[in-house]
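Okay, run_33.cif is below, mmCIF, C-alpha atoms:
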data_target
loop_
_atom_site.label_atom_id
_atom_site.label_comp_id
_atom_site.auth_asym_id
_atom_site.auth_seq_id
_atom_site.Cartn_x
_atom_site.Cartn_y
_atom_site.Cartn_z
CA MET A 1 0.00 0.00 0.00
CA LYS A 2 1.40 3.40 -1.01
CA LYS A 3 2.04 5.67 1.91
CA LYS A 4 0.18 8.96 1.74
CA LYS A 5 2.35 12.07 1.94
CA SER A 6 1.79 14.32 4.89
CA LYS A 7 0.39 17.75 4.20
CA SER A 8 3.54 19.49 5.45
CA LYS A 9 5.80 17.34 3.25
CA SER A 10 3.60 17.96 0.23
CA SER A 11 3.67 21.70 0.89
CA ASN A 12 7.46 21.64 1.28
CA ASP A 13 7.82 19.72 -1.99
CA LYS A 14 5.74 22.33 -3.77
CA MET A 15 7.82 25.17 -2.36
CA LYS A 16 11.03 23.41 -3.38
CA SER A 17 9.65 22.86 -6.88
CA GLN A 18 8.71 26.53 -7.14
CA TYR A 19 12.10 27.58 -5.77
CA ASP A 20 13.94 25.43 -8.31
CA LYS A 21 11.79 26.85 -11.11
CA ASP A 22 12.38 30.43 -10.00
CA HIS A 23 16.16 29.93 -9.90
CA SER A 24 16.66 27.69 -12.92
CA SER A 25 17.60 30.58 -15.23
CA ILE A 26 20.22 31.80 -12.73
CA ARG A 27 21.80 28.37 -12.42
CA LEU A 28 21.85 27.95 -16.19
CA ALA A 29 23.35 31.40 -16.83
CA ASN A 30 26.06 30.77 -14.23
CA SER A 31 27.02 27.54 -16.00
CA TYR A 32 28.05 29.35 -19.20
CA GLU A 33 31.55 30.37 -20.16
CA GLY A 34 32.13 33.87 -21.49
CA TYR A 35 32.04 32.92 -25.17
CA GLU A 36 28.79 30.99 -24.58
CA ILE A 37 27.16 34.07 -23.05
CA ILE A 38 28.10 36.03 -26.18
CA GLN A 39 26.87 33.29 -28.53
CA LYS A 40 23.60 32.61 -26.71
CA SER A 41 22.93 36.35 -26.50
CA ASN A 42 23.53 36.68 -30.27
CA LEU A 43 26.16 39.33 -29.68
CA ASP A 44 28.95 38.05 -31.96
CA SER A 45 28.59 41.12 -34.20
CA PHE A 46 28.84 43.47 -31.19
CA THR A 47 32.26 42.36 -29.95
CA SER A 48 34.11 45.32 -31.44
CA ILE A 49 33.66 49.08 -31.14
CA PRO A 50 34.95 51.06 -34.15
CA ASN A 51 36.75 54.39 -34.23
CA ILE A 52 37.51 54.96 -30.57
CA LYS A 53 39.73 58.02 -30.22
CA LEU A 54 42.73 57.42 -28.01
CA SER A 55 44.74 59.86 -25.96
CA SER A 56 48.40 60.42 -26.81
CA THR A 57 49.33 58.33 -23.74
CA LEU A 58 47.41 55.34 -25.04
CA GLN A 59 48.67 55.82 -28.60
CA GLU A 60 52.24 55.43 -27.37
CA LEU A 61 51.40 51.88 -26.22
CA LEU A 62 50.02 50.79 -29.58
CA PRO A 63 52.00 48.87 -32.21
CA ASP A 64 53.74 51.16 -34.73
CA ASN A 65 51.45 50.14 -37.60
CA LYS A 66 48.43 51.38 -35.60
CA ASN A 67 50.13 54.45 -34.22
CA ASP A 68 50.97 55.81 -37.69
CA VAL A 69 47.47 55.63 -39.18
CA SER A 70 45.25 57.86 -36.99
CA ASP A 71 44.34 58.77 -33.44
CA SER A 72 41.48 56.26 -33.39
CA THR A 73 41.26 52.50 -33.43
CA ASP A 74 38.78 49.64 -33.25
CA VAL A 75 38.61 48.04 -29.83
CA ARG A 76 37.51 44.57 -28.84
CA VAL A 77 34.82 43.52 -26.34
CA GLN A 78 35.35 40.12 -24.76
CA CYS A 79 33.25 38.29 -22.19
CA CYS A 80 35.25 36.54 -19.48
CA THR A 81 34.50 34.39 -16.46
CA SER A 82 36.30 34.31 -13.13
CA PRO A 83 39.18 33.86 -12.53
CA LEU A 84 40.52 36.45 -14.94
CA GLU A 85 43.95 36.17 -16.48
CA PRO A 86 46.34 37.91 -14.04
CA TYR A 87 47.24 40.75 -16.43
CA LEU A 88 43.52 41.50 -17.01
CA TYR A 89 42.71 41.24 -13.31
CA ARG A 90 45.49 43.68 -12.36
CA GLN A 91 44.37 46.22 -14.93
CA CYS A 92 40.70 46.01 -13.95
CA LEU A 93 41.56 46.51 -10.28
CA SER A 94 43.87 49.40 -11.16
CA LEU A 95 41.19 51.08 -13.29
CA PHE A 96 38.69 50.72 -10.44
CA GLN A 97 41.14 52.37 -8.04
CA ARG A 98 41.86 55.28 -10.38
CA ASN A 99 38.18 55.96 -11.02
CA MET A 100 36.64 55.23 -7.63
CA ASP A 101 39.27 55.85 -4.95
CA LYS A 102 38.06 59.33 -3.98
CA LEU A 103 34.38 58.39 -4.19
CA TYR A 104 34.83 55.43 -1.84
CA GLU A 105 36.95 57.46 0.56
CA HIS A 106 34.13 60.00 0.71
CA SER A 107 31.47 57.33 1.31
CA ASN A 108 30.24 55.69 4.51
CA TRP A 109 31.80 52.44 3.32
CA GLY A 110 35.35 53.66 2.87
CA LEU A 111 37.71 51.93 0.46
CA ASP A 112 38.31 48.25 1.20
CA LEU A 113 40.54 46.92 -1.57
CA LYS A 114 40.60 43.41 -0.14
CA MET A 115 36.83 43.24 -0.37
CA LYS A 116 36.98 44.51 -3.94
CA GLU A 117 39.61 41.92 -4.82
CA ASN A 118 37.33 39.22 -3.40
CA GLU A 119 34.42 40.54 -5.46
CA LEU A 120 36.42 40.42 -8.68
CA SER A 121 37.58 36.88 -7.85
CA HIS A 122 34.12 35.52 -6.97
CA PRO A 123 33.36 32.25 -8.83
CA ASN A 124 30.16 33.73 -10.31
CA ALA A 125 31.84 36.95 -11.48
CA ARG A 126 31.43 37.67 -15.19
CA PHE A 127 33.06 40.46 -17.16
CA LEU A 128 32.75 42.42 -20.37
CA ILE A 129 36.24 43.81 -21.01
CA VAL A 130 37.07 46.40 -23.66
CA THR A 131 40.66 46.07 -24.86
CA THR A 132 43.08 47.11 -27.53
CA SER A 133 46.39 45.42 -28.33
CA SER A 134 49.77 46.63 -27.15
CA ASP A 135 53.39 46.04 -28.04
CA ASP A 136 54.53 47.49 -24.71
CA GLN A 137 56.73 45.01 -22.87
CA ASP A 138 57.62 47.09 -19.84
CA GLY A 139 54.26 48.63 -18.97
CA GLU A 140 51.44 47.43 -16.80
CA GLN A 141 50.46 44.71 -19.27
CA GLY A 142 53.70 42.86 -18.64
CA GLU A 143 54.15 41.02 -21.91
CA VAL A 144 54.48 41.73 -25.63
CA GLY A 145 51.18 41.75 -27.50
CA SER A 146 48.97 41.64 -24.41
CA ASP A 147 45.83 43.73 -24.11
CA ILE A 148 45.33 47.20 -22.70
CA VAL A 149 42.10 47.33 -20.68
CA LEU A 150 40.15 50.47 -21.62
CA ALA A 151 36.88 49.64 -19.84
CA PHE A 152 35.11 46.77 -18.11
CA THR A 153 31.90 45.69 -16.47
CA HIS A 154 31.75 43.17 -13.64
CA PHE A 155 28.34 41.52 -13.44
CA ARG A 156 26.67 38.46 -11.97
CA PHE A 157 23.50 36.47 -12.47
CA GLU A 158 21.80 36.49 -9.07
CA CYS A 159 18.55 36.32 -7.14
CA SER A 160 17.04 39.47 -5.69
CA ILE A 161 17.04 37.71 -2.29
CA ASP A 162 20.55 37.75 -0.78
CA GLU A 163 20.20 34.51 1.19
CA CYS A 164 19.56 32.61 -2.05
CA ASN A 165 22.85 33.86 -3.47
CA GLU A 166 24.67 33.02 -0.24
CA ASN A 167 23.23 29.49 -0.37
CA ASN A 168 24.18 29.10 -4.06
CA TYR A 169 20.52 28.59 -5.07
CA VAL A 170 20.10 25.34 -3.13
CA TYR A 171 16.67 25.16 -1.54
CA ASN A 172 16.42 25.45 2.24
CA ASN A 173 13.03 25.00 3.88
CA SER A 174 13.75 27.96 6.14
CA PHE A 175 13.53 30.34 3.15
CA SER A 176 10.69 32.83 3.18
CA PHE A 177 8.54 33.25 0.09
CA ALA A 178 7.00 36.49 1.28
CA ASP A 179 9.11 38.37 -1.29
CA ASP A 180 9.39 37.70 -5.01
CA HIS A 181 12.50 35.77 -5.97
CA GLU A 182 13.47 37.73 -9.08
CA SER A 183 16.33 36.72 -11.33
CA VAL A 184 18.72 39.62 -11.76
CA LEU A 185 21.77 40.64 -13.75
CA TYR A 186 23.57 42.75 -11.14
CA VAL A 187 26.17 45.18 -12.46
CA TYR A 188 28.81 45.34 -9.71
CA GLU A 189 31.15 47.61 -11.65
CA ILE A 190 31.29 49.58 -14.85
CA GLN A 191 34.59 51.41 -15.24
CA ILE A 192 35.70 53.44 -18.26
CA ASP A 193 39.23 54.79 -18.65
CA PRO A 194 38.90 58.61 -18.55
CA LYS A 195 41.02 58.75 -21.71
CA ILE A 196 38.16 57.25 -23.76
CA GLN A 197 35.14 58.61 -21.90
CA ARG A 198 32.37 60.57 -23.66
CA GLN A 199 32.47 58.24 -26.67
CA ASN A 200 29.35 56.24 -25.69
CA VAL A 201 31.42 53.27 -24.51
CA GLY A 202 29.54 53.19 -21.19
CA LYS A 203 26.17 53.38 -22.91
CA ARG A 204 27.15 50.59 -25.27
CA LEU A 205 28.30 48.34 -22.42
CA MET A 206 25.08 48.95 -20.47
CA THR A 207 23.07 48.16 -23.60
CA LEU A 208 24.97 44.87 -23.86
CA MET A 209 24.19 44.22 -20.18
CA GLN A 210 20.50 44.65 -20.91
CA ILE A 211 20.59 42.37 -23.97
CA ILE A 212 22.46 39.68 -22.05
CA ALA A 213 19.94 39.93 -19.20
CA MET A 214 17.06 39.45 -21.63
CA ARG A 215 18.67 36.52 -23.46
CA MET A 216 19.64 34.85 -20.17
CA ASN A 217 15.99 35.12 -19.06
CA MET A 218 16.66 37.53 -16.19
CA ASP A 219 13.84 39.74 -14.88
CA LYS A 220 15.83 42.96 -14.55
CA VAL A 221 19.23 44.66 -14.43
CA MET A 222 20.28 46.14 -11.07
CA LEU A 223 23.20 48.28 -9.88
CA THR A 224 24.33 50.43 -6.94
CA VAL A 225 25.22 54.14 -7.23
CA PHE A 226 26.49 56.63 -4.66
CA LYS A 227 23.93 59.40 -4.10
CA PHE A 228 26.62 62.06 -4.44
CA ASN A 229 27.87 60.69 -7.78
CA ASN A 230 25.69 63.09 -9.78
CA GLY A 231 27.19 62.19 -13.14
CA ALA A 232 26.46 58.49 -12.71
CA MET A 233 22.96 59.17 -11.35
CA ASN A 234 22.15 61.32 -14.37
CA PHE A 235 23.59 58.71 -16.75
CA TYR A 236 21.55 55.82 -15.36
CA LYS A 237 18.27 57.60 -14.57
CA ASN A 238 17.96 60.20 -17.31
CA LYS A 239 19.86 58.64 -20.20
CA LEU A 240 19.21 54.92 -19.65
CA GLY A 241 15.85 54.97 -17.88
CA TYR A 242 16.78 53.27 -14.62
CA GLN A 243 14.58 53.84 -11.56
CA LEU A 244 14.90 53.42 -7.82
CA ASP A 245 14.52 49.73 -7.04
CA GLN A 246 12.10 48.73 -4.31
CA SER A 247 15.08 47.39 -2.35
CA SER A 248 16.84 50.78 -2.41
CA PRO A 249 17.21 52.73 0.86
CA GLY A 250 15.58 55.76 -0.76
CA TYR A 251 12.59 53.93 -2.23
CA PHE A 252 10.29 54.92 0.61
CA ASP A 253 12.26 57.93 1.87
CA GLU A 254 13.57 60.34 -0.73
CA THR A 255 14.87 62.91 1.79
CA ASP A 256 18.57 63.72 1.75
CA GLN A 257 19.09 63.68 5.51
CA VAL A 258 22.51 62.50 6.65
CA TYR A 259 21.38 60.95 9.95
CA ASP A 260 18.27 59.06 10.96
CA ASP A 261 16.21 59.65 14.11
CA GLU A 262 18.64 57.58 16.21
CA GLY A 263 21.72 59.44 15.02
CA GLU A 264 22.90 56.67 12.70
CA LYS A 265 24.29 57.58 9.29
CA GLU A 266 21.81 57.22 6.47
CA ALA A 267 22.77 55.10 3.46
CA ASP A 268 24.64 57.24 0.95
CA TYR A 269 23.85 54.99 -2.00
CA GLU A 270 20.83 53.98 -4.04
CA ILE A 271 19.96 50.76 -5.82
CA LEU A 272 18.66 51.31 -9.34
CA SER A 273 17.00 48.81 -11.63
CA LYS A 274 15.47 48.40 -15.05
CA ILE A 275 12.97 45.68 -15.93
CA VAL A 276 13.98 43.86 -19.10
CA GLN A 277 11.02 41.52 -19.34
CA SER A 278 7.76 40.89 -17.53
CA SER A 279 7.83 38.42 -14.64
CA LYS A 280 8.14 34.78 -15.70
CA ARG A 281 5.89 33.68 -12.87
#
Can you present the structure in this file as structure tokens?
Amino acid sequence: MKKKKSKSKSSNDKMKSQYDKDHSSIRLANSYEGYEIIQKSNLDSFTSIPNIKLSSTLQELLPDNKNDVSDSTDVRVQCCTSPLEPYLYRQCLSLFQRNMDKLYEHSNWGLDLKMKENELSHPNARFLIVTTSSDDQDGEQGEVGSDIVLAFTHFRFECSIDECNENNYVYNNSFSFADDHESVLYVYEIQIDPKIQRQNVGKRLMTLMQIIAMRMNMDKVMLTVFKFNNGAMNFYKNKLGYQLDQSSPGYFDETDQVYDDEGEKEADYEILSKIVQSSKR
């Protein structure tokens, strides 16, 4: 005689089934290598950016045959998975420091390079890296013919609920289903070398982020921005159409007070998001 399932076990099985369904796209996206993300997102024709004007400093690092033609060049966009090649990793970290050092020092967080190194080395870290070739043997690249990193994004495929990410999307019956478990492409970093800024490289990379999110069956793209970084806020909200996410500290309180009622420092960042497709549920 077949034993009848208890009500609690049946309910738990249903929740586990729903959990696995909700997180299947995240697991699948995290299983892809960089070239597979490009292929499955149909982005093979978008892996180069033509006619990027380079500063004189960057031109000096280019091979002679490029340096003699013009002050612009075509650059390559590659998708990489963690761990990065050491020469790429060093350059990405260096670019982050150059661009963000003062902003982090001014923030409530402060600059914790060890934490940033751990972020860039996370097993689920994915990258779009904009490069051009170099013949410089003695510079930061460290070897003849290696790439100069001009820009990069660090992103991950995640759940909107932190405990799911911490548990690597393995169901635990202690999870709460009070909140929606949305699949998210979270942009941890987008850094552009100042020498090539204002050439729509950032806009192009964020467009690629959105396309990848759609093709990987994510619900939305999310990112974090310092409130006092007015240029970035304007870029994301006014030029790209991002809005305050419901998880952002300022979603329910849009005042700019520095301290709360108990004298604690208010969050000096916001979480922005953009829906790329309607909910799959």
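Taken over the shown file, the PyMOL selection byres ((chain A and resi 75) around 10) identifies Thr47, Ser48, Ile49, Pro50, Asn51, Ile52, Ser72, Thr73, Asp74, Arg76, Val77, Gln78, Val130, Thr131, Thr132, Ser133, Ile148, Val149 and Leu150 of chain A.
In this structure, atom CA of A:Pro249 sits 25.2 Å away from atom CA of A:Lys114.
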Rows by chain and residue number, stretch 207-232 of chain A within 9 Å of stretch 16-39 of chain A, shortest pair, all atoms listed in the file, as JSON lines:
{"residue": "A:Ile212", "atom": "CA", "partner": "A:Ile37", "partner_atom": "CA", "distance": 7.4}
{"residue": "A:Arg215", "atom": "CA", "partner": "A:Ile37", "partner_atom": "CA", "distance": 8.8}
{"residue": "A:Met216", "atom": "CA", "partner": "A:Ala29", "partner_atom": "CA", "distance": 6.1}
{"residue": "A:Asn217", "atom": "CA", "partner": "A:Ser25", "partner_atom": "CA", "distance": 6.2}
{"residue": "A:Met218", "atom": "CA", "partner": "A:Ser25", "partner_atom": "CA", "distance": 7.1}
Run the PyMOL selection byres ((chain A and resi 192) around 8) against the file shown and list the residues it catches, as a PDB file with C-alpha atoms, keeping the file's coordinate frame.
ATOM      1  CA  LEU A  95      41.190  51.080 -13.290  1.00  0.00           C
ATOM      2  CA  LEU A 150      40.150  50.470 -21.620  1.00  0.00           C
ATOM      3  CA  ALA A 151      36.880  49.640 -19.840  1.00  0.00           C
ATOM      4  CA  PHE A 152      35.110  46.770 -18.110  1.00  0.00           C
ATOM      5  CA  ILE A 190      31.290  49.580 -14.850  1.00  0.00           C
ATOM      6  CA  GLN A 191      34.590  51.410 -15.240  1.00  0.00           C
ATOM      7  CA  ASP A 193      39.230  54.790 -18.650  1.00  0.00           C
ATOM      8  CA  PRO A 194      38.900  58.610 -18.550  1.00  0.00           C
ATOM      9  CA  ILE A 196      38.160  57.250 -23.760  1.00  0.00           C
ATOM     10  CA  GLN A 197      35.140  58.610 -21.900  1.00  0.00           C
ATOM     11  CA  VAL A 201      31.420  53.270 -24.510  1.00  0.00           C
ATOM     12  CA  GLY A 202      29.540  53.190 -21.190  1.00  0.00           C
TER      13      GLY A 202
END
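Reported to one decimal place, the separation of atom CA of A:Met209 from atom CA of A:Cys92 is 17.7 Å.
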Kindly provide, as lines of an AutoDock Vina configuration file, the centre and edge lengths (Å, one decimal) of an axis-aligned box around all atoms of stretch 108-119 of chain A given in the file, with 3 Å on each side.
center_x = 35.4
center_y = 47.5
center_z = -0.5
size_x = 16.4
size_y = 22.5
size_z = 16.0
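With atom CA of A:Lys237 on one side and atom CA of A:Asp180 on the other, the separation reads 23.8 Å.
For A:Pro123, the residues within 10 Å (counting all atoms listed in the file, excluding itself and residues fewer than 4 positions away along the chain) are Asn30, Thr81, Ser82, Pro83, Asn118, Glu119 and Arg156 of chain A.
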With C-alpha atoms kept, could you save the residues just selected as a PDB file, in the frame of the given file?
ATOM      1  CA  ASN A  30      26.060  30.770 -14.230  1.00  0.00           C
ATOM      2  CA  THR A  81      34.500  34.390 -16.460  1.00  0.00           C
ATOM      3  CA  SER A  82      36.300  34.310 -13.130  1.00  0.00           C
ATOM      4  CA  PRO A  83      39.180  33.860 -12.530  1.00  0.00           C
ATOM      5  CA  ASN A 118      37.330  39.220  -3.400  1.00  0.00           C
ATOM      6  CA  GLU A 119      34.420  40.540  -5.460  1.00  0.00           C
ATOM      7  CA  ARG A 156      26.670  38.460 -11.970  1.00  0.00           C
TER       8      ARG A 156
END
Next item on the list: Please provide as a PyMOL selection string all residues within 7 Å of A:Phe127, with the sequence filter that same-chain residues fewer than 2 positions apart are discarded (counting all atoms listed in the file).
Entry: chain A and resi 79-81+125+129+152-155
Item checked: Polymer residues at most 8 Å from stretch 222-236 of chain A, all atoms listed in the file, same-chain spacing of 3 or more positions, as a list in words -> Leu103, Ser107, Val184, Leu185, Tyr186, Val187, Tyr188, Lys239, Leu240, Gly241, Tyr242, Asp245, Asp268, Tyr269, Glu270, Ile271, Leu272, Ser273 and Lys274 of chain A
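Shortest separation to A:Ser41 among A:Val170, A:Leu113, A:Ala213, A:Leu205 occurs at residue A:Ala213, atoms counted being all atoms listed in the file.
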Would you fill the gaps in stretch 120-131 of chain A so it has all heavy atoms, then print it as a PDB file, in the coordinates of the input?
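Below you can see out18.pdb, which holds the result:
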ATOM      1  N   LEU A 120      35.957  40.692  -7.319  1.00  0.00           N
ATOM      2  CA  LEU A 120      36.420  40.420  -8.680  1.00  0.00           C
ATOM      3  C   LEU A 120      36.820  38.963  -8.879  1.00  0.00           C
ATOM      4  O   LEU A 120      36.855  38.472 -10.005  1.00  0.00           O
ATOM      5  CB  LEU A 120      37.601  41.332  -9.035  1.00  0.00           C
ATOM      6  CG  LEU A 120      37.315  42.828  -9.131  1.00  0.00           C
ATOM      7  CD1 LEU A 120      38.607  43.603  -9.365  1.00  0.00           C
ATOM      8  CD2 LEU A 120      36.314  43.126 -10.240  1.00  0.00           C
ATOM      9  N   SER A 121      37.136  38.277  -7.776  1.00  0.00           N
ATOM     10  CA  SER A 121      37.580  36.880  -7.850  1.00  0.00           C
ATOM     11  C   SER A 121      36.440  35.895  -7.557  1.00  0.00           C
ATOM     12  O   SER A 121      36.664  34.680  -7.548  1.00  0.00           O
ATOM     13  CB  SER A 121      38.712  36.637  -6.839  1.00  0.00           C
ATOM     14  OG  SER A 121      39.796  37.500  -7.084  1.00  0.00           O
ATOM     15  N   HIS A 122      35.246  36.397  -7.317  1.00  0.00           N
ATOM     16  CA  HIS A 122      34.120  35.520  -6.970  1.00  0.00           C
ATOM     17  C   HIS A 122      33.862  34.522  -8.102  1.00  0.00           C
ATOM     18  O   HIS A 122      33.935  34.880  -9.283  1.00  0.00           O
ATOM     19  CB  HIS A 122      32.865  36.359  -6.721  1.00  0.00           C
ATOM     20  CG  HIS A 122      31.739  35.603  -6.102  1.00  0.00           C
ATOM     21  ND1 HIS A 122      30.903  34.783  -6.832  1.00  0.00           N
ATOM     22  CD2 HIS A 122      31.299  35.534  -4.814  1.00  0.00           C
ATOM     23  CE1 HIS A 122      29.995  34.244  -6.031  1.00  0.00           C
ATOM     24  NE2 HIS A 122      30.218  34.685  -4.800  1.00  0.00           N
ATOM     25  N   PRO A 123      33.568  33.265  -7.773  1.00  0.00           N
ATOM     26  CA  PRO A 123      33.360  32.250  -8.830  1.00  0.00           C
ATOM     27  C   PRO A 123      32.268  32.609  -9.831  1.00  0.00           C
ATOM     28  O   PRO A 123      32.344  32.198 -10.990  1.00  0.00           O
ATOM     29  CB  PRO A 123      32.961  30.996  -8.023  1.00  0.00           C
ATOM     30  CG  PRO A 123      33.541  31.217  -6.667  1.00  0.00           C
ATOM     31  CD  PRO A 123      33.491  32.687  -6.419  1.00  0.00           C
ATOM     32  N   ASN A 124      31.253  33.365  -9.401  1.00  0.00           N
ATOM     33  CA  ASN A 124      30.160  33.730 -10.310  1.00  0.00           C
ATOM     34  C   ASN A 124      30.391  35.061 -11.020  1.00  0.00           C
ATOM     35  O   ASN A 124      29.506  35.531 -11.743  1.00  0.00           O
ATOM     36  CB  ASN A 124      28.835  33.786  -9.554  1.00  0.00           C
ATOM     37  CG  ASN A 124      28.359  32.406  -9.128  1.00  0.00           C
ATOM     38  OD1 ASN A 124      28.775  31.398  -9.695  1.00  0.00           O
ATOM     39  ND2 ASN A 124      27.504  32.340  -8.124  1.00  0.00           N
ATOM     40  N   ALA A 125      31.556  35.672 -10.827  1.00  0.00           N
ATOM     41  CA  ALA A 125      31.840  36.950 -11.480  1.00  0.00           C
ATOM     42  C   ALA A 125      31.972  36.755 -12.990  1.00  0.00           C
ATOM     43  O   ALA A 125      32.628  35.824 -13.452  1.00  0.00           O
ATOM     44  CB  ALA A 125      33.108  37.576 -10.908  1.00  0.00           C
ATOM     45  N   ARG A 126      31.335  37.644 -13.727  1.00  0.00           N
ATOM     46  CA  ARG A 126      31.430  37.670 -15.190  1.00  0.00           C
ATOM     47  C   ARG A 126      31.853  39.072 -15.602  1.00  0.00           C
ATOM     48  O   ARG A 126      31.551  40.049 -14.918  1.00  0.00           O
ATOM     49  CB  ARG A 126      30.084  37.303 -15.824  1.00  0.00           C
ATOM     50  CG  ARG A 126      29.559  35.906 -15.421  1.00  0.00           C
ATOM     51  CD  ARG A 126      30.420  34.810 -15.979  1.00  0.00           C
ATOM     52  NE  ARG A 126      29.926  33.474 -15.655  1.00  0.00           N
ATOM     53  CZ  ARG A 126      30.343  32.746 -14.628  1.00  0.00           C
ATOM     54  NH1 ARG A 126      31.245  33.251 -13.786  1.00  0.00           N
ATOM     55  NH2 ARG A 126      29.878  31.542 -14.414  1.00  0.00           N
ATOM     56  N   PHE A 127      32.503  39.181 -16.750  1.00  0.00           N
ATOM     57  CA  PHE A 127      33.060  40.460 -17.160  1.00  0.00           C
ATOM     58  C   PHE A 127      32.871  40.694 -18.654  1.00  0.00           C
ATOM     59  O   PHE A 127      33.003  39.766 -19.445  1.00  0.00           O
ATOM     60  CB  PHE A 127      34.573  40.514 -16.876  1.00  0.00           C
ATOM     61  CG  PHE A 127      34.947  40.238 -15.453  1.00  0.00           C
ATOM     62  CD1 PHE A 127      35.152  38.925 -15.020  1.00  0.00           C
ATOM     63  CD2 PHE A 127      35.099  41.271 -14.544  1.00  0.00           C
ATOM     64  CE1 PHE A 127      35.497  38.654 -13.705  1.00  0.00           C
ATOM     65  CE2 PHE A 127      35.439  41.011 -13.226  1.00  0.00           C
ATOM     66  CZ  PHE A 127      35.645  39.698 -12.806  1.00  0.00           C
ATOM     67  N   LEU A 128      32.553  41.937 -19.008  1.00  0.00           N
ATOM     68  CA  LEU A 128      32.750  42.420 -20.370  1.00  0.00           C
ATOM     69  C   LEU A 128      33.965  43.341 -20.297  1.00  0.00           C
ATOM     70  O   LEU A 128      33.960  44.310 -19.519  1.00  0.00           O
ATOM     71  CB  LEU A 128      31.542  43.194 -20.881  1.00  0.00           C
ATOM     72  CG  LEU A 128      30.287  42.398 -21.250  1.00  0.00           C
ATOM     73  CD1 LEU A 128      29.227  43.337 -21.826  1.00  0.00           C
ATOM     74  CD2 LEU A 128      30.589  41.276 -22.239  1.00  0.00           C
ATOM     75  N   ILE A 129      34.993  43.048 -21.075  1.00  0.00           N
ATOM     76  CA  ILE A 129      36.240  43.810 -21.010  1.00  0.00           C
ATOM     77  C   ILE A 129      36.552  44.392 -22.384  1.00  0.00           C
ATOM     78  O   ILE A 129      36.594  43.660 -23.379  1.00  0.00           O
ATOM     79  CB  ILE A 129      37.401  42.934 -20.509  1.00  0.00           C
ATOM     80  CG1 ILE A 129      37.064  42.323 -19.144  1.00  0.00           C
ATOM     81  CG2 ILE A 129      38.682  43.764 -20.414  1.00  0.00           C
ATOM     82  CD1 ILE A 129      38.157  41.465 -18.560  1.00  0.00           C
ATOM     83  N   VAL A 130      36.736  45.703 -22.420  1.00  0.00           N
ATOM     84  CA  VAL A 130      37.070  46.400 -23.660  1.00  0.00           C
ATOM     85  C   VAL A 130      38.583  46.565 -23.709  1.00  0.00           C
ATOM     86  O   VAL A 130      39.190  47.134 -22.794  1.00  0.00           O
ATOM     87  CB  VAL A 130      36.396  47.793 -23.705  1.00  0.00           C
ATOM     88  CG1 VAL A 130      36.773  48.523 -24.997  1.00  0.00           C
ATOM     89  CG2 VAL A 130      34.874  47.652 -23.605  1.00  0.00           C
ATOM     90  N   THR A 131      39.196  46.056 -24.775  1.00  0.00           N
ATOM     91  CA  THR A 131      40.660  46.070 -24.860  1.00  0.00           C
ATOM     92  C   THR A 131      41.126  46.498 -26.248  1.00  0.00           C
ATOM     93  O   THR A 131      40.385  46.423 -27.226  1.00  0.00           O
ATOM     94  CB  THR A 131      41.253  44.670 -24.580  1.00  0.00           C
ATOM     95  OG1 THR A 131      40.764  43.737 -25.560  1.00  0.00           O
ATOM     96  CG2 THR A 131      40.884  44.179 -23.188  1.00  0.00           C
TER      97      THR A 131
END
